[in-house]
$ cat final_12.cif   # mmCIF, N, CA and C atoms
data_coords
#
loop_
_atom_site.label_atom_id
_atom_site.label_comp_id
_atom_site.auth_asym_id
_atom_site.auth_seq_id
_atom_site.Cartn_x
_atom_site.Cartn_y
_atom_site.Cartn_z
N MET A 1 -4.13 29.96 -12.50
CA MET A 1 -2.75 29.56 -12.69
C MET A 1 -2.50 28.16 -12.13
N LYS A 2 -2.98 27.91 -10.88
CA LYS A 2 -2.79 26.60 -10.28
C LYS A 2 -3.45 25.52 -11.14
N THR A 3 -4.60 25.84 -11.69
CA THR A 3 -5.33 24.90 -12.53
C THR A 3 -4.50 24.50 -13.73
N ALA A 4 -3.89 25.46 -14.37
CA ALA A 4 -3.08 25.18 -15.56
C ALA A 4 -1.88 24.31 -15.20
N VAL A 5 -1.28 24.57 -14.04
CA VAL A 5 -0.12 23.78 -13.61
C VAL A 5 -0.54 22.35 -13.33
N ILE A 6 -1.65 22.17 -12.59
CA ILE A 6 -2.15 20.82 -12.29
C ILE A 6 -2.47 20.09 -13.57
N LEU A 7 -3.18 20.73 -14.47
CA LEU A 7 -3.55 20.12 -15.73
C LEU A 7 -2.32 19.72 -16.53
N ALA A 8 -1.33 20.58 -16.57
CA ALA A 8 -0.10 20.27 -17.30
C ALA A 8 0.63 19.08 -16.69
N LEU A 9 0.73 19.04 -15.37
CA LEU A 9 1.43 17.94 -14.71
C LEU A 9 0.71 16.61 -14.92
N VAL A 10 -0.60 16.62 -14.79
CA VAL A 10 -1.37 15.38 -15.01
C VAL A 10 -1.22 14.92 -16.45
N SER A 11 -1.33 15.84 -17.38
CA SER A 11 -1.22 15.50 -18.79
C SER A 11 0.15 14.92 -19.12
N VAL A 12 1.20 15.53 -18.60
CA VAL A 12 2.56 15.04 -18.85
C VAL A 12 2.74 13.66 -18.24
N ALA A 13 2.26 13.48 -17.00
CA ALA A 13 2.41 12.19 -16.33
C ALA A 13 1.68 11.10 -17.09
N MET A 14 0.49 11.40 -17.56
CA MET A 14 -0.28 10.40 -18.31
C MET A 14 0.32 10.15 -19.68
N ALA A 15 0.73 11.19 -20.33
CA ALA A 15 1.30 11.04 -21.67
C ALA A 15 2.61 10.29 -21.63
N ALA A 16 3.33 10.37 -20.53
CA ALA A 16 4.61 9.66 -20.41
C ALA A 16 4.42 8.16 -20.51
N LYS A 17 3.22 7.67 -20.23
CA LYS A 17 2.95 6.24 -20.30
C LYS A 17 2.50 5.79 -21.69
N LEU A 18 2.29 6.73 -22.57
CA LEU A 18 1.80 6.40 -23.90
C LEU A 18 2.95 6.29 -24.89
N PRO A 19 2.81 5.47 -25.92
CA PRO A 19 3.87 5.35 -26.92
C PRO A 19 4.16 6.69 -27.59
N THR A 20 5.43 6.98 -27.78
CA THR A 20 5.80 8.27 -28.34
C THR A 20 5.47 8.40 -29.83
N GLU A 21 5.25 7.28 -30.53
CA GLU A 21 4.93 7.41 -31.95
C GLU A 21 3.56 8.04 -32.17
N ASP A 22 2.73 8.11 -31.12
CA ASP A 22 1.41 8.72 -31.22
C ASP A 22 1.46 10.24 -31.07
N LEU A 23 2.62 10.79 -30.76
CA LEU A 23 2.72 12.23 -30.54
C LEU A 23 3.03 12.94 -31.85
N PRO A 24 2.64 14.15 -32.13
CA PRO A 24 1.89 15.02 -31.24
C PRO A 24 0.41 14.62 -31.15
N VAL A 25 -0.21 15.01 -30.07
CA VAL A 25 -1.61 14.66 -29.81
C VAL A 25 -2.44 15.93 -29.91
N ALA A 26 -3.52 15.84 -30.66
CA ALA A 26 -4.41 16.99 -30.81
C ALA A 26 -5.29 17.14 -29.58
N ILE A 27 -5.57 18.37 -29.24
CA ILE A 27 -6.49 18.67 -28.14
C ILE A 27 -7.90 18.70 -28.73
N VAL A 28 -8.77 17.85 -28.22
CA VAL A 28 -10.14 17.77 -28.71
C VAL A 28 -11.01 18.83 -28.04
N ARG A 29 -10.79 19.03 -26.73
CA ARG A 29 -11.60 19.99 -25.99
C ARG A 29 -10.74 20.59 -24.89
N SER A 30 -10.85 21.87 -24.70
CA SER A 30 -10.13 22.54 -23.62
C SER A 30 -10.86 23.82 -23.25
N SER A 31 -11.37 23.86 -22.05
CA SER A 31 -12.00 25.09 -21.58
C SER A 31 -11.67 25.28 -20.11
N GLN A 32 -11.52 26.51 -19.73
CA GLN A 32 -11.17 26.84 -18.37
C GLN A 32 -11.97 28.05 -17.93
N VAL A 33 -12.59 27.95 -16.76
CA VAL A 33 -13.30 29.08 -16.18
C VAL A 33 -12.52 29.50 -14.95
N ASN A 34 -11.94 30.68 -15.03
CA ASN A 34 -11.17 31.20 -13.91
C ASN A 34 -12.10 31.56 -12.76
N PRO A 35 -11.59 31.61 -11.55
CA PRO A 35 -12.45 31.89 -10.40
C PRO A 35 -13.26 33.19 -10.58
N ASP A 36 -14.55 33.08 -10.32
CA ASP A 36 -15.40 34.27 -10.37
C ASP A 36 -15.39 34.95 -9.00
N GLU A 37 -16.29 35.91 -8.80
CA GLU A 37 -16.30 36.66 -7.54
C GLU A 37 -16.61 35.78 -6.32
N ASN A 38 -17.22 34.61 -6.55
CA ASN A 38 -17.50 33.67 -5.46
C ASN A 38 -16.45 32.56 -5.36
N GLY A 39 -15.44 32.61 -6.21
CA GLY A 39 -14.38 31.61 -6.18
C GLY A 39 -14.69 30.35 -6.98
N ALA A 40 -15.81 30.31 -7.69
CA ALA A 40 -16.16 29.14 -8.50
C ALA A 40 -15.24 29.08 -9.72
N HIS A 41 -14.77 27.87 -10.03
CA HIS A 41 -13.87 27.69 -11.16
C HIS A 41 -14.03 26.28 -11.71
N SER A 42 -13.59 26.07 -12.95
CA SER A 42 -13.67 24.74 -13.55
C SER A 42 -12.69 24.62 -14.70
N SER A 43 -12.45 23.39 -15.09
CA SER A 43 -11.59 23.12 -16.23
C SER A 43 -12.04 21.81 -16.87
N ASP A 44 -11.92 21.75 -18.17
CA ASP A 44 -12.35 20.57 -18.92
C ASP A 44 -11.36 20.39 -20.07
N PHE A 45 -10.74 19.22 -20.14
CA PHE A 45 -9.69 18.97 -21.12
C PHE A 45 -9.83 17.57 -21.67
N GLU A 46 -9.67 17.43 -22.99
CA GLU A 46 -9.64 16.10 -23.60
C GLU A 46 -8.68 16.12 -24.78
N ALA A 47 -7.85 15.08 -24.86
CA ALA A 47 -6.93 14.93 -25.98
C ALA A 47 -7.42 13.78 -26.85
N GLU A 48 -7.01 13.76 -28.11
CA GLU A 48 -7.48 12.72 -29.02
C GLU A 48 -7.01 11.32 -28.65
N ASN A 49 -5.99 11.23 -27.80
CA ASN A 49 -5.50 9.91 -27.39
C ASN A 49 -6.27 9.34 -26.21
N GLY A 50 -7.33 10.01 -25.76
CA GLY A 50 -8.18 9.49 -24.71
C GLY A 50 -7.96 10.07 -23.34
N ILE A 51 -6.98 10.93 -23.17
CA ILE A 51 -6.76 11.57 -21.88
C ILE A 51 -7.86 12.59 -21.64
N VAL A 52 -8.50 12.49 -20.48
CA VAL A 52 -9.58 13.41 -20.10
C VAL A 52 -9.30 13.89 -18.69
N PHE A 53 -9.51 15.19 -18.45
CA PHE A 53 -9.35 15.75 -17.11
C PHE A 53 -10.40 16.82 -16.94
N GLN A 54 -11.26 16.65 -15.93
CA GLN A 54 -12.32 17.62 -15.66
C GLN A 54 -12.39 17.87 -14.16
N PHE A 55 -12.62 19.12 -13.79
CA PHE A 55 -12.89 19.40 -12.39
C PHE A 55 -13.62 20.72 -12.28
N SER A 56 -14.31 20.86 -11.17
CA SER A 56 -14.95 22.14 -10.85
C SER A 56 -14.86 22.31 -9.34
N GLY A 57 -14.87 23.55 -8.93
CA GLY A 57 -14.73 23.80 -7.51
C GLY A 57 -15.12 25.21 -7.15
N LYS A 58 -14.99 25.47 -5.88
CA LYS A 58 -15.26 26.82 -5.38
C LYS A 58 -14.40 27.06 -4.16
N GLU A 59 -14.28 28.31 -3.81
CA GLU A 59 -13.49 28.68 -2.64
C GLU A 59 -14.21 28.19 -1.39
N ALA A 60 -13.46 27.63 -0.47
CA ALA A 60 -14.04 27.14 0.78
C ALA A 60 -14.15 28.29 1.78
N GLU A 61 -14.95 28.07 2.80
CA GLU A 61 -15.16 29.10 3.81
C GLU A 61 -13.87 29.47 4.54
N ASP A 62 -12.96 28.49 4.70
CA ASP A 62 -11.71 28.75 5.43
C ASP A 62 -10.61 29.29 4.52
N GLY A 63 -10.94 29.59 3.26
CA GLY A 63 -9.96 30.14 2.34
C GLY A 63 -9.33 29.11 1.42
N GLY A 64 -9.54 27.84 1.69
CA GLY A 64 -9.02 26.79 0.81
C GLY A 64 -9.94 26.63 -0.40
N ALA A 65 -9.84 25.50 -1.05
CA ALA A 65 -10.70 25.25 -2.20
C ALA A 65 -11.33 23.87 -2.08
N ASN A 66 -12.56 23.77 -2.51
CA ASN A 66 -13.27 22.49 -2.59
C ASN A 66 -13.41 22.14 -4.06
N MET A 67 -13.10 20.90 -4.41
CA MET A 67 -13.15 20.47 -5.80
C MET A 67 -13.72 19.08 -5.94
N VAL A 68 -14.37 18.84 -7.06
CA VAL A 68 -14.74 17.50 -7.48
C VAL A 68 -14.24 17.36 -8.90
N GLY A 69 -13.83 16.17 -9.27
CA GLY A 69 -13.31 16.00 -10.61
C GLY A 69 -13.20 14.57 -11.05
N TYR A 70 -12.62 14.43 -12.23
CA TYR A 70 -12.52 13.14 -12.88
C TYR A 70 -11.35 13.21 -13.84
N PHE A 71 -10.56 12.14 -13.92
CA PHE A 71 -9.60 12.04 -15.00
C PHE A 71 -9.53 10.60 -15.46
N ALA A 72 -9.17 10.44 -16.72
CA ALA A 72 -9.09 9.11 -17.32
C ALA A 72 -7.99 9.12 -18.37
N TYR A 73 -7.43 7.94 -18.59
CA TYR A 73 -6.44 7.79 -19.65
C TYR A 73 -6.43 6.33 -20.09
N PRO A 74 -6.09 6.09 -21.35
CA PRO A 74 -6.04 4.72 -21.84
C PRO A 74 -4.80 4.01 -21.31
N GLN A 75 -4.96 2.74 -20.95
CA GLN A 75 -3.84 1.93 -20.49
C GLN A 75 -3.31 1.10 -21.67
N GLU A 76 -2.16 0.52 -21.46
CA GLU A 76 -1.52 -0.25 -22.53
C GLU A 76 -2.38 -1.40 -23.02
N ASP A 77 -3.20 -1.99 -22.12
CA ASP A 77 -4.05 -3.12 -22.52
C ASP A 77 -5.33 -2.68 -23.23
N GLY A 78 -5.50 -1.38 -23.43
CA GLY A 78 -6.67 -0.86 -24.12
C GLY A 78 -7.80 -0.44 -23.20
N SER A 79 -7.72 -0.83 -21.93
CA SER A 79 -8.77 -0.42 -20.99
C SER A 79 -8.57 1.04 -20.60
N LEU A 80 -9.59 1.60 -20.01
CA LEU A 80 -9.55 3.00 -19.61
C LEU A 80 -9.36 3.10 -18.10
N ALA A 81 -8.32 3.76 -17.67
CA ALA A 81 -8.09 4.03 -16.25
C ALA A 81 -8.92 5.26 -15.89
N GLU A 82 -9.80 5.11 -14.90
CA GLU A 82 -10.67 6.21 -14.52
C GLU A 82 -10.55 6.49 -13.02
N VAL A 83 -10.51 7.77 -12.68
CA VAL A 83 -10.43 8.18 -11.28
C VAL A 83 -11.37 9.36 -11.06
N LYS A 84 -12.28 9.21 -10.10
CA LYS A 84 -13.11 10.32 -9.65
C LYS A 84 -12.49 10.80 -8.35
N PHE A 85 -12.62 12.09 -8.07
CA PHE A 85 -12.03 12.57 -6.82
C PHE A 85 -12.80 13.75 -6.23
N VAL A 86 -12.60 13.91 -4.95
CA VAL A 86 -13.05 15.07 -4.20
C VAL A 86 -11.81 15.59 -3.49
N ALA A 87 -11.63 16.87 -3.50
CA ALA A 87 -10.52 17.48 -2.76
C ALA A 87 -11.12 18.62 -1.94
N ASN A 88 -10.96 18.52 -0.62
CA ASN A 88 -11.53 19.55 0.26
C ASN A 88 -10.75 19.57 1.57
N GLU A 89 -11.38 20.09 2.62
CA GLU A 89 -10.70 20.18 3.91
C GLU A 89 -10.30 18.81 4.46
N ASN A 90 -10.88 17.74 3.92
CA ASN A 90 -10.51 16.38 4.34
C ASN A 90 -9.43 15.77 3.46
N GLY A 91 -8.85 16.56 2.58
CA GLY A 91 -7.78 16.08 1.72
C GLY A 91 -8.26 15.58 0.37
N PHE A 92 -7.36 14.95 -0.35
CA PHE A 92 -7.65 14.39 -1.67
C PHE A 92 -8.22 12.99 -1.47
N GLN A 93 -9.42 12.76 -2.01
CA GLN A 93 -10.12 11.49 -1.82
C GLN A 93 -10.46 10.87 -3.16
N PRO A 94 -9.57 10.05 -3.71
CA PRO A 94 -9.82 9.43 -5.01
C PRO A 94 -10.73 8.22 -4.88
N GLU A 95 -11.41 7.91 -5.98
CA GLU A 95 -12.26 6.72 -6.06
C GLU A 95 -12.01 6.09 -7.42
N SER A 96 -11.55 4.84 -7.41
CA SER A 96 -11.25 4.16 -8.67
C SER A 96 -11.15 2.66 -8.44
N SER A 97 -11.53 1.89 -9.43
CA SER A 97 -11.36 0.44 -9.35
C SER A 97 -9.88 0.07 -9.40
N LEU A 98 -9.02 1.00 -9.76
CA LEU A 98 -7.59 0.75 -9.82
C LEU A 98 -6.92 0.81 -8.45
N LEU A 99 -7.58 1.42 -7.49
CA LEU A 99 -6.98 1.59 -6.16
C LEU A 99 -7.16 0.32 -5.34
N PRO A 100 -6.17 -0.01 -4.52
CA PRO A 100 -6.29 -1.20 -3.68
C PRO A 100 -7.41 -1.03 -2.65
N VAL A 101 -8.02 -2.13 -2.28
CA VAL A 101 -9.11 -2.11 -1.31
C VAL A 101 -8.73 -3.02 -0.15
N ALA A 102 -8.92 -2.53 1.05
CA ALA A 102 -8.62 -3.33 2.24
C ALA A 102 -9.59 -4.50 2.31
N PRO A 103 -9.17 -5.61 2.89
CA PRO A 103 -10.08 -6.74 3.02
C PRO A 103 -11.26 -6.39 3.91
N ALA A 104 -12.38 -7.06 3.68
CA ALA A 104 -13.57 -6.83 4.48
C ALA A 104 -13.27 -7.15 5.94
N PHE A 105 -13.86 -6.40 6.83
CA PHE A 105 -13.70 -6.66 8.25
C PHE A 105 -15.07 -6.75 8.87
N PRO A 106 -15.36 -7.62 9.78
CA PRO A 106 -14.36 -8.47 10.38
C PRO A 106 -14.06 -9.68 9.51
N HIS A 107 -12.81 -10.01 9.46
CA HIS A 107 -12.40 -11.20 8.73
C HIS A 107 -12.66 -12.42 9.61
N PRO A 108 -12.71 -13.59 9.02
CA PRO A 108 -12.96 -14.79 9.83
C PRO A 108 -11.87 -14.97 10.89
N ILE A 109 -12.31 -15.27 12.11
CA ILE A 109 -11.37 -15.48 13.22
C ILE A 109 -11.11 -16.98 13.33
N PRO A 110 -9.84 -17.39 13.26
CA PRO A 110 -9.53 -18.82 13.35
C PRO A 110 -10.02 -19.43 14.67
N GLN A 111 -10.39 -20.70 14.63
CA GLN A 111 -10.94 -21.37 15.81
C GLN A 111 -9.96 -21.36 16.98
N PHE A 112 -8.65 -21.53 16.74
CA PHE A 112 -7.71 -21.54 17.85
C PHE A 112 -7.70 -20.21 18.60
N VAL A 113 -7.99 -19.12 17.89
CA VAL A 113 -8.06 -17.81 18.54
C VAL A 113 -9.32 -17.74 19.40
N LEU A 114 -10.44 -18.20 18.84
CA LEU A 114 -11.69 -18.22 19.62
C LEU A 114 -11.54 -19.09 20.87
N ASP A 115 -10.85 -20.24 20.73
CA ASP A 115 -10.61 -21.12 21.88
C ASP A 115 -9.79 -20.41 22.95
N GLN A 116 -8.78 -19.65 22.54
CA GLN A 116 -7.93 -18.93 23.49
C GLN A 116 -8.72 -17.83 24.20
N ILE A 117 -9.60 -17.17 23.47
CA ILE A 117 -10.44 -16.13 24.08
C ILE A 117 -11.36 -16.76 25.13
N GLU A 118 -11.96 -17.89 24.78
CA GLU A 118 -12.84 -18.59 25.73
C GLU A 118 -12.05 -19.05 26.95
N PHE A 119 -10.86 -19.59 26.75
CA PHE A 119 -10.01 -20.02 27.85
C PHE A 119 -9.72 -18.85 28.80
N ALA A 120 -9.39 -17.69 28.23
CA ALA A 120 -9.09 -16.51 29.04
C ALA A 120 -10.33 -16.07 29.82
N ARG A 121 -11.51 -16.15 29.20
CA ARG A 121 -12.76 -15.79 29.88
C ARG A 121 -13.00 -16.72 31.07
N LEU A 122 -12.83 -18.01 30.84
CA LEU A 122 -13.03 -18.99 31.93
C LEU A 122 -12.02 -18.77 33.05
N GLU A 123 -10.78 -18.46 32.72
CA GLU A 123 -9.76 -18.17 33.73
C GLU A 123 -10.14 -16.94 34.55
N ASP A 124 -10.65 -15.92 33.88
CA ASP A 124 -11.09 -14.70 34.59
C ASP A 124 -12.22 -15.03 35.56
N GLU A 125 -13.18 -15.85 35.11
CA GLU A 125 -14.29 -16.24 35.98
C GLU A 125 -13.78 -17.04 37.18
N ARG A 126 -12.87 -18.01 36.93
CA ARG A 126 -12.32 -18.83 37.99
C ARG A 126 -11.60 -17.96 39.02
N LYS A 127 -10.80 -17.01 38.54
CA LYS A 127 -10.05 -16.13 39.45
C LYS A 127 -11.00 -15.26 40.25
N ALA A 128 -12.08 -14.78 39.63
CA ALA A 128 -13.05 -13.96 40.35
C ALA A 128 -13.72 -14.77 41.45
N LEU A 129 -14.06 -16.05 41.16
CA LEU A 129 -14.66 -16.91 42.17
C LEU A 129 -13.70 -17.19 43.32
N GLU A 130 -12.42 -17.41 43.03
CA GLU A 130 -11.39 -17.61 44.06
C GLU A 130 -11.27 -16.38 44.95
N ASP A 131 -11.24 -15.21 44.32
CA ASP A 131 -11.13 -13.96 45.06
C ASP A 131 -12.33 -13.77 45.99
N GLU A 132 -13.54 -14.13 45.52
CA GLU A 132 -14.74 -14.01 46.35
C GLU A 132 -14.69 -14.96 47.54
N SER A 133 -14.19 -16.17 47.32
CA SER A 133 -14.15 -17.16 48.39
C SER A 133 -13.09 -16.82 49.43
N GLU A 134 -12.07 -16.08 49.07
CA GLU A 134 -11.03 -15.68 50.02
C GLU A 134 -11.52 -14.55 50.92
N GLU A 135 -12.51 -13.83 50.52
CA GLU A 135 -13.00 -12.68 51.31
C GLU A 135 -13.83 -13.10 52.42
#
$ encode --input "final_12.cif" --output "structure tokens"
Amino acid sequence: MKTAVILALVSVAMAAKLPTEDLPVAIVRSSQVNPDENGAHSSDFEAENGIVFQFSGKEAEDGGANMVGYFAYPQEDGSLAEVKFVANENGFQPESSLLPVAPAFPHPIPQFVLDQIEFARLEDERKALEDESEE
């Protein structure tokens, strides 16, 4: 049941971005394997307009579910938006070239910052020497 709801929501969300003159859209492929005695399940869906949604999973030891999957849909510019994902005890973990990426770290440190760090180091050394001489 949850699978059908997720599939329906994803399909509606993706289809909402497509021109309405292309509707109705034929289903090219649709298969669903309900959970077996071990909790394994899967779903595979494709529409003629390029929307694809696939996932498979199994029941986790703690009672949750572990899943891996993929979905794709055509964008207005003709390119294909693709997302691979894992969903497990660590949450939903998507992977896609469409997702923003943090800048590489460490990023270049400006020279004035390096100079300030060196100045602070020298001040610490000077203060330590003063403290030693006072003893």
$ closest_residue --input "final_12.cif" --among "A:Gly39, A:Glu46, A:Leu114, A:Phe85" --to "Val68 (chain A)" --atoms "all atoms listed in the file"
A:Phe85
$ residues_near_point --input "final_12.cif" --point "(-18.0, 27.0, -5.6)" --cutoff "7 Å" --atoms "only C-alpha atoms" --output "list in words"
Asn38, Gly39, Ala40, His41, Gly57, Lys58 and Glu59 of chain A
$ residues_around --input "final_12.cif" --residues "region 22-33 of chain A" --least-positions-apart "3" --cutoff "7 Å" --atoms "all atoms listed in the file" --output "mmCIF file with N, CA and C atoms, in the coordinates of the input"
data_model
loop_
_atom_site.group_PDB
_atom_site.id
_atom_site.type_symbol
_atom_site.label_atom_id
_atom_site.label_comp_id
_atom_site.auth_asym_id
_atom_site.auth_seq_id
_atom_site.Cartn_x
_atom_site.Cartn_y
_atom_site.Cartn_z
ATOM 1 N N LEU A 18 2.290 6.730 -22.570
ATOM 2 C CA LEU A 18 1.800 6.400 -23.900
ATOM 3 C C LEU A 18 2.950 6.290 -24.890
ATOM 4 N N PRO A 19 2.810 5.470 -25.920
ATOM 5 C CA PRO A 19 3.870 5.350 -26.920
ATOM 6 C C PRO A 19 4.160 6.690 -27.590
ATOM 7 N N ASP A 36 -14.550 33.080 -10.320
ATOM 8 C CA ASP A 36 -15.400 34.270 -10.370
ATOM 9 C C ASP A 36 -15.390 34.950 -9.000
ATOM 10 N N ALA A 40 -15.810 30.310 -7.690
ATOM 11 C CA ALA A 40 -16.160 29.140 -8.500
ATOM 12 C C ALA A 40 -15.240 29.080 -9.720
ATOM 13 N N HIS A 41 -14.770 27.870 -10.030
ATOM 14 C CA HIS A 41 -13.870 27.690 -11.160
ATOM 15 C C HIS A 41 -14.030 26.280 -11.710
ATOM 16 N N SER A 42 -13.590 26.070 -12.950
ATOM 17 C CA SER A 42 -13.670 24.740 -13.550
ATOM 18 C C SER A 42 -12.690 24.620 -14.700
ATOM 19 N N SER A 43 -12.450 23.390 -15.090
ATOM 20 C CA SER A 43 -11.590 23.120 -16.230
ATOM 21 C C SER A 43 -12.040 21.810 -16.870
ATOM 22 N N ASP A 44 -11.920 21.750 -18.170
ATOM 23 C CA ASP A 44 -12.350 20.570 -18.920
ATOM 24 C C ASP A 44 -11.360 20.390 -20.070
ATOM 25 N N PHE A 45 -10.740 19.220 -20.140
ATOM 26 C CA PHE A 45 -9.690 18.970 -21.120
ATOM 27 C C PHE A 45 -9.830 17.570 -21.670
ATOM 28 N N GLU A 46 -9.670 17.430 -22.990
ATOM 29 C CA GLU A 46 -9.640 16.100 -23.600
ATOM 30 C C GLU A 46 -8.680 16.120 -24.780
ATOM 31 N N ALA A 47 -7.850 15.080 -24.860
ATOM 32 C CA ALA A 47 -6.930 14.930 -25.980
ATOM 33 C C ALA A 47 -7.420 13.780 -26.850
ATOM 34 N N GLU A 48 -7.010 13.760 -28.110
ATOM 35 C CA GLU A 48 -7.480 12.720 -29.020
ATOM 36 C C GLU A 48 -7.010 11.320 -28.650
ATOM 37 N N ASN A 49 -5.990 11.230 -27.800
ATOM 38 C CA ASN A 49 -5.500 9.910 -27.390
ATOM 39 C C ASN A 49 -6.270 9.340 -26.210
#
$ resolve_selection --input "final_12.cif" --expression "the PyMOL selection byres (((chain A and resi 97-104 and name CA) around 9) and name CA)" --output "ChimeraX atom specification"
/A:81-83,94-96,105-107
$ residues_near_point --input "final_12.cif" --point "(-16.8, 19.0, -8.5)" --cutoff "6.5 Å" --atoms "all atoms listed in the file" --output "list in words"
Phe55, Ser56, Gly57, Asn66, Met67, Val68 and Gly69 of chain A
$ atom_distance --input "final_12.cif" --atom1 "CA of Glu130 (chain A)" --atom2 "CA of Val113 (chain A)"
25.7 Å
$ decode --input "final_12.cif" --residues "region 109-116 of chain A" --atoms "all heavy atoms" --output "short mmCIF file (atom, residue, chain, number, x, y, z; two decimals), in the first residue's frame"
data_model
loop_
_atom_site.label_atom_id
_atom_site.label_comp_id
_atom_site.auth_asym_id
_atom_site.auth_seq_id
_atom_site.Cartn_x
_atom_site.Cartn_y
_atom_site.Cartn_z
N ILE A 109 42.96 29.45 1.89
CA ILE A 109 42.92 30.39 3.02
C ILE A 109 43.62 31.67 2.58
O ILE A 109 44.78 31.62 2.15
CB ILE A 109 43.57 29.80 4.27
CG1 ILE A 109 42.83 28.52 4.67
CG2 ILE A 109 43.59 30.81 5.42
CD1 ILE A 109 43.49 27.76 5.80
N PRO A 110 42.95 32.82 2.66
CA PRO A 110 43.58 34.07 2.24
C PRO A 110 44.85 34.36 3.06
O PRO A 110 44.95 34.00 4.23
CB PRO A 110 42.51 35.13 2.52
CG PRO A 110 41.23 34.38 2.65
CD PRO A 110 41.58 33.01 3.13
N GLN A 111 45.81 35.03 2.43
CA GLN A 111 47.08 35.32 3.07
C GLN A 111 46.91 36.14 4.35
O GLN A 111 47.60 35.88 5.34
CB GLN A 111 48.02 36.05 2.10
CG GLN A 111 49.43 36.23 2.65
CD GLN A 111 50.10 34.90 2.97
OE1 GLN A 111 50.06 33.96 2.19
NE2 GLN A 111 50.71 34.80 4.16
N PHE A 112 46.00 37.11 4.38
CA PHE A 112 45.83 37.91 5.59
C PHE A 112 45.40 37.06 6.78
O PHE A 112 45.76 37.34 7.92
CB PHE A 112 44.87 39.10 5.37
CG PHE A 112 43.42 38.73 5.31
CD1 PHE A 112 42.65 38.71 6.46
CD2 PHE A 112 42.83 38.39 4.10
CE1 PHE A 112 41.31 38.37 6.42
CE2 PHE A 112 41.49 38.06 4.05
CZ PHE A 112 40.73 38.05 5.20
N VAL A 113 44.68 35.97 6.51
CA VAL A 113 44.27 35.07 7.60
C VAL A 113 45.49 34.29 8.09
O VAL A 113 45.71 34.13 9.30
CB VAL A 113 43.14 34.12 7.13
CG1 VAL A 113 42.83 33.07 8.18
CG2 VAL A 113 41.90 34.92 6.77
N LEU A 114 46.29 33.78 7.14
CA LEU A 114 47.51 33.07 7.52
C LEU A 114 48.45 33.98 8.32
O LEU A 114 49.06 33.53 9.29
CB LEU A 114 48.21 32.53 6.27
CG LEU A 114 47.44 31.47 5.47
CD1 LEU A 114 48.16 31.17 4.16
CD2 LEU A 114 47.23 30.22 6.29
N ASP A 115 48.55 35.25 7.90
CA ASP A 115 49.40 36.21 8.63
C ASP A 115 48.89 36.41 10.05
O ASP A 115 49.68 36.48 11.00
CB ASP A 115 49.43 37.56 7.90
CG ASP A 115 50.13 37.49 6.56
OD1 ASP A 115 50.85 36.50 6.30
OD2 ASP A 115 49.93 38.42 5.75
N GLN A 116 47.58 36.48 10.24
CA GLN A 116 47.00 36.67 11.57
C GLN A 116 47.24 35.44 12.44
O GLN A 116 47.55 35.57 13.64
CB GLN A 116 45.50 36.95 11.46
CG GLN A 116 44.85 37.31 12.77
CD GLN A 116 45.39 38.60 13.36
OE1 GLN A 116 45.69 39.55 12.66
NE2 GLN A 116 45.54 38.64 14.67
#
